[in-house]
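Novice: First the structure, which I've put down as structure tokens, then a few questions once you've had a look.
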Amino acid sequence: MDGFGSDFSAGGSGGKMDTGTIMEQVKVQIAVANAQELLQRMTDKCFRKCISKPGSSLDNSEQKCIAMCMDRYMDSWNIVSRTYNSRLQRERARM
């Protein structure tokens, strides 16, 4: 949380962070957290699906399985994200 408490205070300006700056930092942190969660879930699911006997290296079939699994997972994530964002935009337009 470095950067939030040190520059922000409730009164006056004079070099203090404004609400817009804080909101942008929060949005960036949320985006990073979402990307980390996506990567972790994708890794867990594809590892469980593709790696039957963990070892020091991956054979060709495991490499192909992991690559295809990750591609499908990302494609699915992107479709869901686009659909969700589209729905949010429609809801906002109604209001």
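As shown in the structure tokens, the chain order sets the letters A, B, ...; within each chain, residues go from 1, and ligands are also counted from 1 in the order they appear.
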Excluding Asp44 of chain A and residues on its chain fewer than 6 positions from it, collect all residues at most 12 Å away from it, counting only C-alpha atoms, and give them as a list in words.
Specialist: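 My reading of the contact set: Glu37, Leu38, Cys50, Ile51, Ile66, Cys69, Met70 and Tyr73 of chain A.
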Novice: State, in Å with one decimal place, the distance from atom CA of Ser61 of chain A to atom CA of Met74 of chain A.
Specialist: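 Rounded to one decimal, the two atoms are 19.8 Å apart.
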Novice: Could you tell me how far atom CA of Asn34 of chain A sits from atom CA of Asn78 of chain A, in Å to one decimal place?
Specialist: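 Computing it gives 12.8 Å between the two atoms.
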Novice: In Å to one decimal, how far is atom CA of Ala35 of chain A from atom CA of Arg87 of chain A?
Specialist: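 These atoms are spaced 21.0 Å apart.
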Novice: Report as an mmCIF file with N, CA and C atoms, in the first residue's frame: the residues of chain A with a DSSP assignment of alpha helix (DSSP H), based on the backbone of this structure.
Specialist:
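Writing done, so here's selection_13.cif:
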```
data_model
loop_
_atom_site.group_PDB
_atom_site.id
_atom_site.type_symbol
_atom_site.label_atom_id
_atom_site.label_comp_id
_atom_site.auth_asym_id
_atom_site.auth_seq_id
_atom_site.Cartn_x
_atom_site.Cartn_y
_atom_site.Cartn_z
ATOM 1 N N PHE A 4 -0.218 5.282 -1.007
ATOM 2 C CA PHE A 4 -1.569 5.720 -0.705
ATOM 3 C C PHE A 4 -1.598 6.598 0.540
ATOM 4 N N GLY A 5 -1.164 6.088 1.641
ATOM 5 C CA GLY A 5 -1.261 6.814 2.898
ATOM 6 C C GLY A 5 -0.311 7.974 2.999
ATOM 7 N N SER A 6 0.835 7.908 2.344
ATOM 8 C CA SER A 6 1.852 8.929 2.523
ATOM 9 C C SER A 6 1.513 10.243 1.840
ATOM 10 N N ASP A 7 0.794 10.231 0.726
ATOM 11 C CA ASP A 7 0.525 11.454 -0.015
ATOM 12 C C ASP A 7 -0.906 11.947 0.109
ATOM 13 N N THR A 19 -8.538 12.351 -5.721
ATOM 14 C CA THR A 19 -9.358 11.144 -5.773
ATOM 15 C C THR A 19 -9.208 10.427 -7.104
ATOM 16 N N GLY A 20 -9.105 11.153 -8.195
ATOM 17 C CA GLY A 20 -8.942 10.540 -9.514
ATOM 18 C C GLY A 20 -7.665 9.722 -9.607
ATOM 19 N N THR A 21 -6.587 10.235 -9.055
ATOM 20 C CA THR A 21 -5.309 9.517 -9.062
ATOM 21 C C THR A 21 -5.416 8.242 -8.248
ATOM 22 N N ILE A 22 -6.042 8.328 -7.112
ATOM 23 C CA ILE A 22 -6.216 7.157 -6.258
ATOM 24 C C ILE A 22 -7.078 6.113 -6.963
ATOM 25 N N MET A 23 -8.159 6.569 -7.595
ATOM 26 C CA MET A 23 -9.033 5.639 -8.312
ATOM 27 C C MET A 23 -8.273 4.928 -9.432
ATOM 28 N N GLU A 24 -7.427 5.654 -10.152
ATOM 29 C CA GLU A 24 -6.641 5.035 -11.218
ATOM 30 C C GLU A 24 -5.680 3.999 -10.660
ATOM 31 N N GLN A 25 -5.053 4.305 -9.525
ATOM 32 C CA GLN A 25 -4.143 3.342 -8.903
ATOM 33 C C GLN A 25 -4.894 2.093 -8.449
ATOM 34 N N VAL A 26 -6.088 2.281 -7.919
ATOM 35 C CA VAL A 26 -6.899 1.138 -7.493
ATOM 36 C C VAL A 26 -7.283 0.297 -8.701
ATOM 37 N N LYS A 27 -7.662 0.940 -9.800
ATOM 38 C CA LYS A 27 -8.016 0.205 -11.019
ATOM 39 C C LYS A 27 -6.834 -0.613 -11.531
ATOM 40 N N VAL A 28 -5.641 -0.032 -11.484
ATOM 41 C CA VAL A 28 -4.446 -0.754 -11.927
ATOM 42 C C VAL A 28 -4.197 -1.945 -11.015
ATOM 43 N N GLN A 29 -4.321 -1.757 -9.711
ATOM 44 C CA GLN A 29 -4.114 -2.857 -8.774
ATOM 45 C C GLN A 29 -5.139 -3.970 -8.980
ATOM 46 N N ILE A 30 -6.374 -3.604 -9.261
ATOM 47 C CA ILE A 30 -7.413 -4.607 -9.529
ATOM 48 C C ILE A 30 -7.093 -5.371 -10.810
ATOM 49 N N ALA A 31 -6.650 -4.655 -11.838
ATOM 50 C CA ALA A 31 -6.295 -5.312 -13.102
ATOM 51 C C ALA A 31 -5.139 -6.290 -12.899
ATOM 52 N N VAL A 32 -4.150 -5.898 -12.130
ATOM 53 C CA VAL A 32 -3.015 -6.784 -11.856
ATOM 54 C C VAL A 32 -3.481 -8.014 -11.074
ATOM 55 N N ALA A 33 -4.329 -7.794 -10.073
ATOM 56 C CA ALA A 33 -4.848 -8.918 -9.277
ATOM 57 C C ALA A 33 -5.659 -9.874 -10.154
ATOM 58 N N ASN A 34 -6.469 -9.330 -11.058
ATOM 59 C CA ASN A 34 -7.252 -10.173 -11.969
ATOM 60 C C ASN A 34 -6.346 -10.979 -12.893
ATOM 61 N N ALA A 35 -5.291 -10.345 -13.413
ATOM 62 C CA ALA A 35 -4.359 -11.059 -14.286
ATOM 63 C C ALA A 35 -3.643 -12.167 -13.518
ATOM 64 N N GLN A 36 -3.261 -11.897 -12.279
ATOM 65 C CA GLN A 36 -2.607 -12.921 -11.462
ATOM 66 C C GLN A 36 -3.553 -14.085 -11.184
ATOM 67 N N GLU A 37 -4.798 -13.766 -10.897
ATOM 68 C CA GLU A 37 -5.783 -14.824 -10.642
ATOM 69 C C GLU A 37 -6.019 -15.661 -11.896
ATOM 70 N N LEU A 38 -6.131 -15.006 -13.043
ATOM 71 C CA LEU A 38 -6.299 -15.720 -14.315
ATOM 72 C C LEU A 38 -5.134 -16.675 -14.547
ATOM 73 N N LEU A 39 -3.937 -16.197 -14.381
ATOM 74 C CA LEU A 39 -2.761 -17.026 -14.604
ATOM 75 C C LEU A 39 -2.711 -18.201 -13.627
ATOM 76 N N GLN A 40 -3.043 -17.949 -12.368
ATOM 77 C CA GLN A 40 -3.022 -19.016 -11.369
ATOM 78 C C GLN A 40 -4.070 -20.082 -11.667
ATOM 79 N N ARG A 41 -5.279 -19.661 -11.990
ATOM 80 C CA ARG A 41 -6.341 -20.629 -12.300
ATOM 81 C C ARG A 41 -6.006 -21.435 -13.547
ATOM 82 N N MET A 42 -5.513 -20.748 -14.563
ATOM 83 C CA MET A 42 -5.171 -21.414 -15.811
ATOM 84 C C MET A 42 -4.057 -22.431 -15.562
ATOM 85 N N THR A 43 -3.057 -22.047 -14.807
ATOM 86 C CA THR A 43 -1.953 -22.950 -14.494
ATOM 87 C C THR A 43 -2.450 -24.179 -13.735
ATOM 88 N N ASP A 44 -3.271 -23.956 -12.716
ATOM 89 C CA ASP A 44 -3.796 -25.078 -11.921
ATOM 90 C C ASP A 44 -4.613 -26.039 -12.774
ATOM 91 N N LYS A 45 -5.551 -25.496 -13.531
ATOM 92 C CA LYS A 45 -6.436 -26.349 -14.328
ATOM 93 C C LYS A 45 -5.679 -27.109 -15.417
ATOM 94 N N CYS A 46 -4.796 -26.414 -16.126
ATOM 95 C CA CYS A 46 -4.071 -27.065 -17.215
ATOM 96 C C CYS A 46 -3.052 -28.060 -16.680
ATOM 97 N N PHE A 47 -2.441 -27.784 -15.548
ATOM 98 C CA PHE A 47 -1.509 -28.742 -14.957
ATOM 99 C C PHE A 47 -2.249 -30.023 -14.586
ATOM 100 N N ARG A 48 -3.398 -29.869 -13.897
ATOM 101 C CA ARG A 48 -4.164 -31.053 -13.498
ATOM 102 C C ARG A 48 -4.629 -31.860 -14.710
ATOM 103 N N LYS A 49 -4.994 -31.160 -15.779
ATOM 104 C CA LYS A 49 -5.504 -31.836 -16.975
ATOM 105 C C LYS A 49 -4.394 -32.522 -17.765
ATOM 106 N N CYS A 50 -3.231 -31.904 -17.853
ATOM 107 C CA CYS A 50 -2.211 -32.352 -18.807
ATOM 108 C C CYS A 50 -1.044 -33.128 -18.210
ATOM 109 N N ASN A 60 6.560 -34.215 -25.263
ATOM 110 C CA ASN A 60 5.892 -33.474 -26.347
ATOM 111 C C ASN A 60 4.380 -33.424 -26.169
ATOM 112 N N SER A 61 3.779 -34.546 -25.775
ATOM 113 C CA SER A 61 2.316 -34.561 -25.633
ATOM 114 C C SER A 61 1.875 -33.637 -24.489
ATOM 115 N N GLU A 62 2.642 -33.585 -23.414
ATOM 116 C CA GLU A 62 2.305 -32.684 -22.301
ATOM 117 C C GLU A 62 2.459 -31.227 -22.723
ATOM 118 N N GLN A 63 3.502 -30.928 -23.473
ATOM 119 C CA GLN A 63 3.713 -29.556 -23.957
ATOM 120 C C GLN A 63 2.561 -29.114 -24.857
ATOM 121 N N LYS A 64 2.151 -29.995 -25.765
ATOM 122 C CA LYS A 64 1.037 -29.672 -26.668
ATOM 123 C C LYS A 64 -0.259 -29.503 -25.886
ATOM 124 N N CYS A 65 -0.488 -30.404 -24.935
ATOM 125 C CA CYS A 65 -1.699 -30.329 -24.118
ATOM 126 C C CYS A 65 -1.747 -29.011 -23.345
ATOM 127 N N ILE A 66 -0.643 -28.636 -22.724
ATOM 128 C CA ILE A 66 -0.586 -27.395 -21.948
ATOM 129 C C ILE A 66 -0.842 -26.195 -22.861
ATOM 130 N N ALA A 67 -0.182 -26.175 -24.014
ATOM 131 C CA ALA A 67 -0.351 -25.054 -24.947
ATOM 132 C C ALA A 67 -1.803 -24.933 -25.399
ATOM 133 N N MET A 68 -2.415 -26.046 -25.764
ATOM 134 C CA MET A 68 -3.808 -26.018 -26.219
ATOM 135 C C MET A 68 -4.747 -25.648 -25.076
ATOM 136 N N CYS A 69 -4.496 -26.198 -23.897
ATOM 137 C CA CYS A 69 -5.334 -25.893 -22.738
ATOM 138 C C CYS A 69 -5.282 -24.400 -22.422
ATOM 139 N N MET A 70 -4.082 -23.845 -22.413
ATOM 140 C CA MET A 70 -3.939 -22.425 -22.101
ATOM 141 C C MET A 70 -4.596 -21.555 -23.174
ATOM 142 N N ASP A 71 -4.454 -21.949 -24.431
ATOM 143 C CA ASP A 71 -5.111 -21.213 -25.522
ATOM 144 C C ASP A 71 -6.625 -21.228 -25.362
ATOM 145 N N ARG A 72 -7.174 -22.402 -25.098
ATOM 146 C CA ARG A 72 -8.631 -22.515 -24.921
ATOM 147 C C ARG A 72 -9.092 -21.721 -23.706
ATOM 148 N N TYR A 73 -8.333 -21.793 -22.623
ATOM 149 C CA TYR A 73 -8.700 -21.075 -21.408
ATOM 150 C C TYR A 73 -8.716 -19.566 -21.670
ATOM 151 N N MET A 74 -7.681 -19.069 -22.350
ATOM 152 C CA MET A 74 -7.620 -17.640 -22.666
ATOM 153 C C MET A 74 -8.744 -17.230 -23.613
ATOM 154 N N ASP A 75 -9.025 -18.056 -24.611
ATOM 155 C CA ASP A 75 -10.136 -17.757 -25.534
ATOM 156 C C ASP A 75 -11.450 -17.671 -24.763
ATOM 157 N N SER A 76 -11.669 -18.625 -23.882
ATOM 158 C CA SER A 76 -12.900 -18.627 -23.086
ATOM 159 C C SER A 76 -12.968 -17.406 -22.189
ATOM 160 N N TRP A 77 -11.864 -17.091 -21.545
ATOM 161 C CA TRP A 77 -11.798 -15.910 -20.660
ATOM 162 C C TRP A 77 -12.134 -14.648 -21.449
ATOM 163 N N ASN A 78 -11.558 -14.519 -22.638
ATOM 164 C CA ASN A 78 -11.803 -13.335 -23.468
ATOM 165 C C ASN A 78 -13.257 -13.241 -23.904
ATOM 166 N N ILE A 79 -13.861 -14.345 -24.267
ATOM 167 C CA ILE A 79 -15.276 -14.333 -24.668
ATOM 168 C C ILE A 79 -16.154 -13.900 -23.495
ATOM 169 N N VAL A 80 -15.911 -14.487 -22.344
ATOM 170 C CA VAL A 80 -16.698 -14.134 -21.158
ATOM 171 C C VAL A 80 -16.495 -12.656 -20.809
ATOM 172 N N SER A 81 -15.256 -12.183 -20.861
ATOM 173 C CA SER A 81 -14.961 -10.782 -20.529
ATOM 174 C C SER A 81 -15.653 -9.820 -21.491
ATOM 175 N N ARG A 82 -15.570 -10.121 -22.792
ATOM 176 C CA ARG A 82 -16.232 -9.253 -23.780
ATOM 177 C C ARG A 82 -17.740 -9.240 -23.576
ATOM 178 N N THR A 83 -18.311 -10.404 -23.339
ATOM 179 C CA THR A 83 -19.754 -10.497 -23.124
ATOM 180 C C THR A 83 -20.160 -9.731 -21.870
ATOM 181 N N TYR A 84 -19.407 -9.891 -20.814
ATOM 182 C CA TYR A 84 -19.686 -9.183 -19.555
ATOM 183 C C TYR A 84 -19.587 -7.674 -19.742
ATOM 184 N N ASN A 85 -18.517 -7.216 -20.397
ATOM 185 C CA ASN A 85 -18.349 -5.777 -20.629
ATOM 186 C C ASN A 85 -19.455 -5.226 -21.521
ATOM 187 N N SER A 86 -19.857 -5.988 -22.520
ATOM 188 C CA SER A 86 -20.943 -5.563 -23.395
ATOM 189 C C SER A 86 -22.241 -5.416 -22.603
ATOM 190 N N ARG A 87 -22.484 -6.369 -21.738
ATOM 191 C CA ARG A 87 -23.696 -6.309 -20.916
ATOM 192 C C ARG A 87 -23.657 -5.115 -19.962
ATOM 193 N N LEU A 88 -22.499 -4.856 -19.375
ATOM 194 C CA LEU A 88 -22.365 -3.680 -18.498
ATOM 195 C C LEU A 88 -22.652 -2.393 -19.252
ATOM 196 N N GLN A 89 -22.126 -2.300 -20.463
ATOM 197 C CA GLN A 89 -22.361 -1.099 -21.263
ATOM 198 C C GLN A 89 -23.835 -0.922 -21.594
ATOM 199 N N ARG A 90 -24.518 -2.022 -21.917
ATOM 200 C CA ARG A 90 -25.961 -1.936 -22.201
ATOM 201 C C ARG A 90 -26.724 -1.483 -20.960
ATOM 202 N N GLU A 91 -26.348 -2.025 -19.811
ATOM 203 C CA GLU A 91 -27.008 -1.650 -18.548
ATOM 204 C C GLU A 91 -26.780 -0.178 -18.224
ATOM 205 N N ARG A 92 -25.559 0.294 -18.454
ATOM 206 C CA ARG A 92 -25.251 1.705 -18.201
ATOM 207 C C ARG A 92 -26.012 2.615 -19.143
ATOM 208 N N ALA A 93 -26.188 2.177 -20.396
ATOM 209 C CA ALA A 93 -26.910 2.981 -21.387
ATOM 210 C C ALA A 93 -28.387 3.122 -21.010
ATOM 211 N N ARG A 94 -28.936 2.097 -20.360
ATOM 212 C CA ARG A 94 -30.329 2.154 -19.950
ATOM 213 C C ARG A 94 -30.548 3.177 -18.840
#
```
